[in-house]
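> As input, take data_18.pdb (PDB, C-alpha atoms):
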```pdb
ATOM      1  CA  MET A  25     124.180  72.420  46.426  1.00  0.00           C
ATOM      2  CA  THR A  26     124.509  69.417  48.713  1.00  0.00           C
ATOM      3  CA  GLU A  27     127.881  68.540  50.170  1.00  0.00           C
ATOM      4  CA  GLY A  28     129.619  65.669  48.377  1.00  0.00           C
ATOM      5  CA  PRO A  29     133.022  64.485  47.204  1.00  0.00           C
ATOM      6  CA  GLY A  30     132.774  66.480  43.968  1.00  0.00           C
ATOM      7  CA  ASN A  31     131.391  69.690  45.441  1.00  0.00           C
ATOM      8  CA  ALA A  32     134.093  72.078  46.604  1.00  0.00           C
ATOM      9  CA  LEU A  33     134.997  75.743  46.471  1.00  0.00           C
ATOM     10  CA  ASN A  34     138.336  77.263  45.625  1.00  0.00           C
ATOM     11  CA  VAL A  35     138.792  80.175  48.040  1.00  0.00           C
ATOM     12  CA  ARG A  36     141.522  82.758  47.533  1.00  0.00           C
ATOM     13  CA  ILE A  37     142.156  84.642  50.792  1.00  0.00           C
ATOM     14  CA  TRP A  38     144.512  87.546  51.341  1.00  0.00           C
ATOM     15  CA  ARG A  39     147.236  86.703  53.861  1.00  0.00           C
ATOM     16  CA  GLY A  40     149.547  89.287  55.381  1.00  0.00           C
ATOM     17  CA  LYS A  41     149.375  93.053  55.790  1.00  0.00           C
ATOM     18  CA  ALA A  42     149.784  95.636  53.019  1.00  0.00           C
ATOM     19  CA  GLU A  43     152.539  93.380  51.777  1.00  0.00           C
ATOM     20  CA  GLY A  44     151.183  89.875  51.358  1.00  0.00           C
ATOM     21  CA  ARG A  45     149.712  87.415  48.923  1.00  0.00           C
ATOM     22  CA  PHE A  46     146.626  85.389  48.139  1.00  0.00           C
ATOM     23  CA  GLU A  47     146.561  81.802  49.317  1.00  0.00           C
ATOM     24  CA  THR A  48     144.100  79.277  47.943  1.00  0.00           C
ATOM     25  CA  TYR A  49     142.093  76.873  50.096  1.00  0.00           C
ATOM     26  CA  ARG A  50     139.702  74.101  49.131  1.00  0.00           C
ATOM     27  CA  VAL A  51     136.463  74.151  51.118  1.00  0.00           C
ATOM     28  CA  PRO A  52     133.415  71.844  50.885  1.00  0.00           C
ATOM     29  CA  ALA A  53     130.417  73.482  49.215  1.00  0.00           C
ATOM     30  CA  ARG A  54     127.174  73.281  51.189  1.00  0.00           C
ATOM     31  CA  ASP A  55     123.600  74.495  50.831  1.00  0.00           C
ATOM     32  CA  ASN A  56     122.843  77.956  52.266  1.00  0.00           C
ATOM     33  CA  GLN A  57     126.533  78.601  52.863  1.00  0.00           C
ATOM     34  CA  THR A  58     127.624  82.187  53.473  1.00  0.00           C
ATOM     35  CA  VAL A  59     131.015  83.690  52.744  1.00  0.00           C
ATOM     36  CA  LEU A  60     131.531  84.068  56.495  1.00  0.00           C
ATOM     37  CA  ASP A  61     130.861  80.336  56.875  1.00  0.00           C
ATOM     38  CA  VAL A  62     133.596  79.672  54.317  1.00  0.00           C
ATOM     39  CA  VAL A  63     136.120  81.956  56.025  1.00  0.00           C
ATOM     40  CA  THR A  64     135.315  80.357  59.386  1.00  0.00           C
ATOM     41  CA  GLU A  65     135.782  76.887  57.929  1.00  0.00           C
ATOM     42  CA  VAL A  66     139.211  77.846  56.584  1.00  0.00           C
ATOM     43  CA  GLN A  67     140.234  79.278  59.950  1.00  0.00           C
ATOM     44  CA  ARG A  68     139.014  76.284  61.972  1.00  0.00           C
ATOM     45  CA  ARG A  69     140.234  73.486  59.739  1.00  0.00           C
ATOM     46  CA  GLN A  70     143.135  74.732  57.637  1.00  0.00           C
ATOM     47  CA  ALA A  71     144.608  78.059  58.782  1.00  0.00           C
ATOM     48  CA  PRO A  72     144.131  78.627  62.535  1.00  0.00           C
ATOM     49  CA  ASP A  73     146.228  81.816  62.372  1.00  0.00           C
ATOM     50  CA  LEU A  74     143.854  83.480  59.885  1.00  0.00           C
ATOM     51  CA  ALA A  75     142.750  86.886  61.240  1.00  0.00           C
ATOM     52  CA  TYR A  76     139.240  88.211  60.563  1.00  0.00           C
ATOM     53  CA  ARG A  77     136.349  89.852  62.404  1.00  0.00           C
ATOM     54  CA  PHE A  78     132.770  88.841  63.055  1.00  0.00           C
ATOM     55  CA  ALA A  79     130.293  89.031  65.912  1.00  0.00           C
ATOM     56  CA  CYS A  80     126.549  88.609  65.435  1.00  0.00           C
ATOM     57  CA  ARG A  81     126.507  86.561  62.198  1.00  0.00           C
ATOM     58  CA  VAL A  82     122.978  87.828  61.411  1.00  0.00           C
ATOM     59  CA  GLY A  83     123.529  91.207  59.734  1.00  0.00           C
ATOM     60  CA  VAL A  84     123.256  93.449  62.774  1.00  0.00           C
ATOM     61  CA  CYS A  85     126.793  94.464  63.761  1.00  0.00           C
ATOM     62  CA  GLY A  86     128.509  94.874  60.367  1.00  0.00           C
ATOM     63  CA  SER A  87     131.872  93.750  61.753  1.00  0.00           C
ATOM     64  CA  CYS A  88     132.251  90.931  59.201  1.00  0.00           C
ATOM     65  CA  ALA A  89     132.499  93.315  56.227  1.00  0.00           C
ATOM     66  CA  MET A  90     135.135  92.234  53.700  1.00  0.00           C
ATOM     67  CA  THR A  91     135.808  92.550  49.993  1.00  0.00           C
ATOM     68  CA  VAL A  92     134.361  89.559  48.142  1.00  0.00           C
ATOM     69  CA  ASN A  93     135.147  89.158  44.455  1.00  0.00           C
ATOM     70  CA  GLY A  94     136.068  92.835  44.310  1.00  0.00           C
ATOM     71  CA  ARG A  95     132.975  94.179  46.074  1.00  0.00           C
ATOM     72  CA  PRO A  96     132.622  95.251  49.753  1.00  0.00           C
ATOM     73  CA  ARG A  97     129.954  93.190  51.494  1.00  0.00           C
ATOM     74  CA  TRP A  98     128.704  91.840  54.790  1.00  0.00           C
ATOM     75  CA  THR A  99     129.989  88.290  54.535  1.00  0.00           C
ATOM     76  CA  CYS A 100     127.387  86.920  56.960  1.00  0.00           C
ATOM     77  CA  ARG A 101     124.595  87.882  54.558  1.00  0.00           C
ATOM     78  CA  THR A 102     126.374  87.024  51.329  1.00  0.00           C
ATOM     79  CA  HIS A 103     125.409  83.548  50.152  1.00  0.00           C
ATOM     80  CA  VAL A 104     128.109  81.724  48.260  1.00  0.00           C
ATOM     81  CA  ARG A 105     125.778  80.559  45.511  1.00  0.00           C
ATOM     82  CA  ARG A 106     125.147  84.194  44.530  1.00  0.00           C
ATOM     83  CA  VAL A 107     128.756  85.305  44.271  1.00  0.00           C
ATOM     84  CA  ALA A 108     130.948  82.257  43.601  1.00  0.00           C
ATOM     85  CA  LEU A 109     131.880  82.456  39.937  1.00  0.00           C
ATOM     86  CA  GLU A 110     132.607  78.974  38.629  1.00  0.00           C
ATOM     87  CA  GLY A 111     133.162  77.716  42.166  1.00  0.00           C
ATOM     88  CA  THR A 112     135.742  80.361  43.090  1.00  0.00           C
ATOM     89  CA  LEU A 113     135.762  83.059  45.800  1.00  0.00           C
ATOM     90  CA  THR A 114     138.317  85.803  46.354  1.00  0.00           C
ATOM     91  CA  VAL A 115     138.197  87.366  49.826  1.00  0.00           C
ATOM     92  CA  GLU A 116     140.296  90.298  51.019  1.00  0.00           C
ATOM     93  CA  PRO A 117     139.964  93.041  53.649  1.00  0.00           C
ATOM     94  CA  LEU A 118     138.004  96.237  53.086  1.00  0.00           C
ATOM     95  CA  ARG A 119     139.750  98.719  50.866  1.00  0.00           C
ATOM     96  CA  ASN A 120     140.702 102.289  51.789  1.00  0.00           C
ATOM     97  CA  LEU A 121     141.711 101.245  55.314  1.00  0.00           C
ATOM     98  CA  PRO A 122     145.112 100.131  56.679  1.00  0.00           C
ATOM     99  CA  ARG A 123     145.504  96.367  56.829  1.00  0.00           C
ATOM    100  CA  ILE A 124     146.363  94.901  60.220  1.00  0.00           C
ATOM    101  CA  LYS A 125     146.591  91.256  59.230  1.00  0.00           C
ATOM    102  CA  ASP A 126     144.859  89.050  56.685  1.00  0.00           C
ATOM    103  CA  LEU A 127     141.175  90.065  56.538  1.00  0.00           C
ATOM    104  CA  ALA A 128     141.260  92.473  59.496  1.00  0.00           C
ATOM    105  CA  CYS A 129     141.756  96.182  58.818  1.00  0.00           C
ATOM    106  CA  ASP A 130     142.339  99.168  61.107  1.00  0.00           C
ATOM    107  CA  MET A 131     139.069 101.050  61.631  1.00  0.00           C
ATOM    108  CA  ALA A 132     140.674 103.956  63.510  1.00  0.00           C
ATOM    109  CA  PRO A 133     140.964 106.291  60.464  1.00  0.00           C
ATOM    110  CA  PHE A 134     137.308 105.627  59.658  1.00  0.00           C
ATOM    111  CA  PHE A 135     136.131 106.632  63.146  1.00  0.00           C
ATOM    112  CA  ASP A 136     138.540 109.578  63.270  1.00  0.00           C
ATOM    113  CA  LYS A 137     136.793 110.996  60.201  1.00  0.00           C
ATOM    114  CA  TRP A 138     133.423 110.376  61.811  1.00  0.00           C
ATOM    115  CA  GLN A 139     134.563 112.607  64.696  1.00  0.00           C
ATOM    116  CA  ARG A 140     136.073 115.226  62.355  1.00  0.00           C
ATOM    117  CA  ALA A 141     132.688 115.574  60.693  1.00  0.00           C
ATOM    118  CA  GLY A 142     131.127 116.535  64.034  1.00  0.00           C
ATOM    119  CA  GLY A 143     129.507 113.153  64.477  1.00  0.00           C
ATOM    120  CA  ARG A 144     129.292 113.266  68.278  1.00  0.00           C
ATOM    121  CA  PHE A 145     125.811 114.101  69.539  1.00  0.00           C
ATOM    122  CA  SER A 146     125.665 116.998  71.985  1.00  0.00           C
ATOM    123  CA  GLY A 147     122.300 117.591  73.577  1.00  0.00           C
ATOM    124  CA  THR A 148     120.949 120.901  74.836  1.00  0.00           C
ATOM    125  CA  ALA A 149     118.905 119.564  77.761  1.00  0.00           C
ATOM    126  CA  SER A 150     120.002 118.048  81.065  1.00  0.00           C
ATOM    127  CA  ARG A 151     118.519 115.001  82.745  1.00  0.00           C
ATOM    128  CA  ARG A 152     116.504 117.271  85.000  1.00  0.00           C
ATOM    129  CA  GLU A 153     114.673 118.842  82.078  1.00  0.00           C
ATOM    130  CA  PRO A 154     111.754 117.251  80.220  1.00  0.00           C
ATOM    131  CA  PRO A 155     112.620 115.584  76.900  1.00  0.00           C
ATOM    132  CA  GLN A 156     112.407 117.866  73.929  1.00  0.00           C
ATOM    133  CA  ARG A 157     109.296 117.358  71.845  1.00  0.00           C
ATOM    134  CA  VAL A 158     110.016 116.352  68.251  1.00  0.00           C
ATOM    135  CA  ASP A 159     107.361 115.994  65.572  1.00  0.00           C
ATOM    136  CA  PRO A 160     108.136 112.602  63.949  1.00  0.00           C
ATOM    137  CA  GLN A 161     106.525 113.751  60.702  1.00  0.00           C
ATOM    138  CA  SER A 162     108.408 117.045  60.366  1.00  0.00           C
ATOM    139  CA  PRO A 163     110.708 117.274  57.318  1.00  0.00           C
ATOM    140  CA  PRO A 164     113.926 117.520  59.389  1.00  0.00           C
ATOM    141  CA  ARG A 165     112.983 114.494  61.508  1.00  0.00           C
ATOM    142  CA  LEU A 166     112.074 112.483  58.424  1.00  0.00           C
ATOM    143  CA  ALA A 167     115.414 113.413  56.865  1.00  0.00           C
ATOM    144  CA  ALA A 168     117.301 112.372  59.992  1.00  0.00           C
ATOM    145  CA  SER A 169     115.360 109.125  60.318  1.00  0.00           C
ATOM    146  CA  ALA A 170     116.068 108.204  56.701  1.00  0.00           C
ATOM    147  CA  ALA A 171     119.818 108.266  57.357  1.00  0.00           C
ATOM    148  CA  ILE A 172     120.095 107.254  60.991  1.00  0.00           C
ATOM    149  CA  GLU A 173     120.307 103.471  60.648  1.00  0.00           C
ATOM    150  CA  CYS A 174     124.023 103.489  59.723  1.00  0.00           C
ATOM    151  CA  ILE A 175     125.965 101.027  61.905  1.00  0.00           C
ATOM    152  CA  ASN A 176     129.452 102.120  60.777  1.00  0.00           C
ATOM    153  CA  CYS A 177     130.377  98.928  58.959  1.00  0.00           C
ATOM    154  CA  ALA A 178     132.581 100.997  56.558  1.00  0.00           C
ATOM    155  CA  VAL A 179     131.278  99.262  53.424  1.00  0.00           C
ATOM    156  CA  CYS A 180     130.477 102.636  51.844  1.00  0.00           C
ATOM    157  CA  HIS A 181     133.907 103.949  52.861  1.00  0.00           C
ATOM    158  CA  ALA A 182     135.562 101.000  51.134  1.00  0.00           C
ATOM    159  CA  ALA A 183     133.418 101.469  48.017  1.00  0.00           C
ATOM    160  CA  CYS A 184     134.150 105.191  47.648  1.00  0.00           C
ATOM    161  CA  ASP A 185     136.560 106.068  44.846  1.00  0.00           C
ATOM    162  CA  VAL A 186     137.147 109.556  46.252  1.00  0.00           C
ATOM    163  CA  VAL A 187     138.333 108.098  49.575  1.00  0.00           C
ATOM    164  CA  ALA A 188     140.705 105.892  47.571  1.00  0.00           C
ATOM    165  CA  TRP A 189     142.636 108.813  46.095  1.00  0.00           C
ATOM    166  CA  ASN A 190     141.963 111.583  48.625  1.00  0.00           C
ATOM    167  CA  SER A 191     142.887 110.483  52.148  1.00  0.00           C
ATOM    168  CA  ASP A 192     141.638 113.810  53.541  1.00  0.00           C
ATOM    169  CA  TYR A 193     138.058 113.206  52.369  1.00  0.00           C
ATOM    170  CA  LEU A 194     135.742 112.541  55.308  1.00  0.00           C
ATOM    171  CA  GLY A 195     133.859 109.860  53.426  1.00  0.00           C
ATOM    172  CA  PRO A 196     130.187 108.962  53.031  1.00  0.00           C
ATOM    173  CA  ALA A 197     129.544 107.457  56.470  1.00  0.00           C
ATOM    174  CA  ALA A 198     130.916 110.451  58.370  1.00  0.00           C
ATOM    175  CA  LEU A 199     128.995 112.929  56.230  1.00  0.00           C
ATOM    176  CA  ASN A 200     125.825 110.859  56.452  1.00  0.00           C
ATOM    177  CA  ARG A 201     126.130 111.073  60.238  1.00  0.00           C
ATOM    178  CA  ALA A 202     126.631 114.830  60.049  1.00  0.00           C
ATOM    179  CA  TRP A 203     123.406 115.142  58.058  1.00  0.00           C
ATOM    180  CA  THR A 204     121.401 113.302  60.740  1.00  0.00           C
ATOM    181  CA  LEU A 205     122.694 115.700  63.418  1.00  0.00           C
ATOM    182  CA  VAL A 206     122.064 118.808  61.317  1.00  0.00           C
ATOM    183  CA  ASN A 207     118.405 117.726  61.252  1.00  0.00           C
ATOM    184  CA  ASP A 208     118.195 116.733  64.925  1.00  0.00           C
ATOM    185  CA  ALA A 209     116.416 119.361  67.027  1.00  0.00           C
ATOM    186  CA  ARG A 210     118.016 117.946  70.173  1.00  0.00           C
ATOM    187  CA  HIS A 211     121.577 118.474  68.865  1.00  0.00           C
ATOM    188  CA  GLY A 212     123.000 121.775  70.112  1.00  0.00           C
ATOM    189  CA  PRO A 213     125.911 122.618  67.765  1.00  0.00           C
ATOM    190  CA  ARG A 214     124.032 122.144  64.497  1.00  0.00           C
ATOM    191  CA  SER A 215     125.816 125.062  62.849  1.00  0.00           C
ATOM    192  CA  ASP A 216     129.213 123.754  63.921  1.00  0.00           C
ATOM    193  CA  THR A 217     128.392 120.310  62.530  1.00  0.00           C
ATOM    194  CA  LEU A 218     127.413 121.868  59.201  1.00  0.00           C
ATOM    195  CA  ASP A 219     130.624 123.921  59.164  1.00  0.00           C
ATOM    196  CA  ARG A 220     132.689 120.784  59.780  1.00  0.00           C
ATOM    197  CA  ALA A 221     130.897 118.904  57.027  1.00  0.00           C
ATOM    198  CA  PHE A 222     131.508 121.798  54.615  1.00  0.00           C
ATOM    199  CA  ALA A 223     135.199 122.286  55.544  1.00  0.00           C
ATOM    200  CA  GLU A 224     138.136 121.090  53.451  1.00  0.00           C
ATOM    201  CA  GLY A 225     137.792 117.384  52.782  1.00  0.00           C
ATOM    202  CA  GLY A 226     134.059 117.555  53.457  1.00  0.00           C
ATOM    203  CA  CYS A 227     130.933 117.282  51.345  1.00  0.00           C
ATOM    204  CA  THR A 228     132.227 119.407  48.468  1.00  0.00           C
ATOM    205  CA  SER A 229     134.854 116.745  47.740  1.00  0.00           C
ATOM    206  CA  CYS A 230     132.148 114.219  46.842  1.00  0.00           C
ATOM    207  CA  HIS A 231     131.932 113.476  43.098  1.00  0.00           C
ATOM    208  CA  SER A 232     128.388 112.058  43.379  1.00  0.00           C
ATOM    209  CA  GLN A 233     129.315 108.716  41.821  1.00  0.00           C
ATOM    210  CA  GLY A 234     126.879 106.909  44.100  1.00  0.00           C
ATOM    211  CA  ASN A 235     129.019 103.900  45.003  1.00  0.00           C
ATOM    212  CA  CYS A 236     128.226 104.434  48.687  1.00  0.00           C
ATOM    213  CA  THR A 237     124.492 104.226  48.064  1.00  0.00           C
ATOM    214  CA  ARG A 238     124.861 101.333  45.640  1.00  0.00           C
ATOM    215  CA  HIS A 239     126.769  99.210  48.169  1.00  0.00           C
ATOM    216  CA  CYS A 240     125.077 100.127  51.466  1.00  0.00           C
ATOM    217  CA  PRO A 241     123.902  96.841  53.053  1.00  0.00           C
ATOM    218  CA  VAL A 242     120.969  98.501  54.840  1.00  0.00           C
ATOM    219  CA  GLY A 243     119.730 100.534  51.888  1.00  0.00           C
ATOM    220  CA  LEU A 244     120.756 104.005  53.045  1.00  0.00           C
ATOM    221  CA  SER A 245     121.686 106.760  50.611  1.00  0.00           C
ATOM    222  CA  PRO A 246     124.773 108.635  51.814  1.00  0.00           C
ATOM    223  CA  SER A 247     124.831 110.279  48.377  1.00  0.00           C
ATOM    224  CA  GLU A 248     121.511 111.932  49.131  1.00  0.00           C
ATOM    225  CA  SER A 249     122.709 113.030  52.582  1.00  0.00           C
ATOM    226  CA  ILE A 250     125.843 114.584  51.103  1.00  0.00           C
ATOM    227  CA  ALA A 251     123.861 116.397  48.418  1.00  0.00           C
ATOM    228  CA  ALA A 252     121.563 117.765  51.119  1.00  0.00           C
ATOM    229  CA  LEU A 253     124.560 118.991  53.118  1.00  0.00           C
ATOM    230  CA  LYS A 254     125.773 120.885  50.059  1.00  0.00           C
ATOM    231  CA  ARG A 255     122.380 122.564  49.699  1.00  0.00           C
ATOM    232  CA  SER A 256     122.309 123.466  53.399  1.00  0.00           C
ATOM    233  CA  ALA A 257     125.758 125.000  53.182  1.00  0.00           C
ATOM    234  CA  PHE A 258     124.378 127.502  50.653  1.00  0.00           C
ATOM    235  CA  PHE A 259     120.794 127.932  51.824  1.00  0.00           C
ATOM    236  CA  GLY A 260     121.142 127.501  55.577  1.00  0.00           C
ATOM    237  CA  LEU A 261     120.261 124.929  58.207  1.00  0.00           C
ATOM    238  CA  PRO A 262     116.984 123.021  57.884  1.00  0.00           C
ATOM    239  CA  LYS A 263     114.283 124.919  59.729  1.00  0.00           C
ATOM    240  CA  LEU A 264     113.044 123.162  62.827  1.00  0.00           C
ATOM    241  CA  GLU A 265     109.369 123.569  63.619  1.00  0.00           C
ATOM    242  CA  ALA A 266     108.205 123.095  67.176  1.00  0.00           C
ATOM    243  CA  PRO A 267     105.425 120.496  67.459  1.00  0.00           C
ATOM    244  CA  GLU A 268     101.995 121.850  68.249  1.00  0.00           C
TER     245      GLU A 268
END
```
Output the file's structure as structure tokens, nothing else.


Amino acid sequence: MTEGPGNALNVRIWRGKAEGRFETYRVPARDNQTVLDVVTEVQRRQAPDLAYRFACRVGVCGSCAMTVNGRPRWTCRTHVRRVALEGTLTVEPLRNLPRIKDLACDMAPFFDKWQRAGGRFSGTASRREPPQRVDPQSPPRLAASAAIECINCAVCHAACDVVAWNSDYLGPAALNRAWTLVNDARHGPRSDTLDRAFAEGGCTSCHSQGNCTRHCPVGLSPSESIAALKRSAFFGLPKLEAPE
């Protein structure tokens, strides 16, 4: 798709807060163009007051997450040619979070839930003690490692239908974090973290629809983490084996 006089995209972008409207912009279509490139072009050339977030532009920070044609995505890694239906894009902020302005949403409720789920690491050793030995091939460590790459982009939170209708639900990212700590031998309050994850609004509220796993940009499975939390709530904490 080479830029030319006949190649253009119609881009519908949400403007305003909870109360607002879509405005349409015409943007040149180019090869290897991402949705973030399109939003940036609109902001720099047509709407300098357009609010949105981005940082790294290479799929590391997750701050550019938005809803594109009805689906939460990292816009820096979403190529226009894969999602533009008949030359049209619709871009809005992530769902299930308060809207600050335009494409920027308030992440505070998301991180509050992360804390409610016991997501803060609390070690048992001081700096003066030797590091705790952890067998990298032990089942608990493998379980923690499989879920630990979450960067809190909130894509799964925006994709979750339970979060949409139950504001008290902790959500997939917070519970995924809780599962990593429950399996971390260095984390002191493992039982407390499990209790928090199993409390009202916790893992038992999940309906196992799998939208979080389906939409995760880094291929994690919060659904699997939540299911494992449910099992642990009934059968006890994962057993930690000291390395030989």

> Could you work out an axis-aligned bounding box for all listed atoms of region 58-66 of chain A, with 6 Å added on each of the six sides, and give its centre and edge lengths in Å to one decimal, as JSON?


```
{"center_x": 133.4, "center_y": 80.5, "center_z": 56.1, "size_x": 23.6, "size_y": 19.2, "size_z": 18.6}
```

> Do a neighbour search on region 178-182 of chain A at 8 Å with only C-alpha atoms, toss out local chain neighbours closer than 6 positions, and write the hits as an MDAnalysis selection string.

chainID A and resid 89 96:98 118:121 134 188 195:197 235:237 239:241

> For Asp219 (chain A), which of A:Asn31, A:Ser256, A:Ser249, A:Thr48 is the closest residue, counting only C-alpha atoms?

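Under the stated criterion, the closest residue is A:Ser256.
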
> Show me the residues around (122.2, 103.9, 55.4) - criterion: an atom at most 6 Å away, only C-alpha atoms counted - as a PyMOL selection string.

chain A and resi 171+173-174+242-245

> What gap, in Å, lies between CA of Asn200 (chain A) and CA of Gln156 (chain A)?

23.1 Å

> Residue by residue, what does the PyMOL selection byres ((chain A and resi 60-73) around 12) grab here? Present the result as an MDAnalysis selection string.

chainID A and resid 32:40 47:59 74:83 86:92 97:105 108 112:117 125:127

> Which residue gives the smallest distance to Cys227 (chain A) among A:Leu205, A:Leu166, A:Val187, A:Leu199, with only C-alpha atoms counted?

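Using only C-alpha atoms, the shortest distance to Cys227 (chain A) belongs to A:Leu199.
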
> Counting only C-alpha atoms, figure out which residue out of A:Thr228, A:Thr204, A:Asn176, A:Ser169 gets nearest to Pro262 (chain A).

A:Thr204

> Work out how far apart CA of Asp192 (chain A) and CA of Pro133 (chain A) are and give it in Å to one decimal.

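Going from CA of Asp192 (chain A) over to CA of Pro133 (chain A) covers 10.2 Å.
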
> Work out how far CA of Ile175 (chain A) is from CA of Arg214 (chain A), in Å to one decimal.

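Atom-to-atom, CA of Arg214 (chain A) and CA of Ile175 (chain A) are spaced 21.4 Å apart.
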
> Using all atoms listed in the file, can you tell me which of A:Leu253, A:Val107, A:Leu264, A:Ala223 comes closest to Val158 (chain A)?

A:Leu264

> List the residues selected by the PyMOL selection byres ((chain A and resi 261) around 8) in the file shown, writing them as a count of residues only.

10
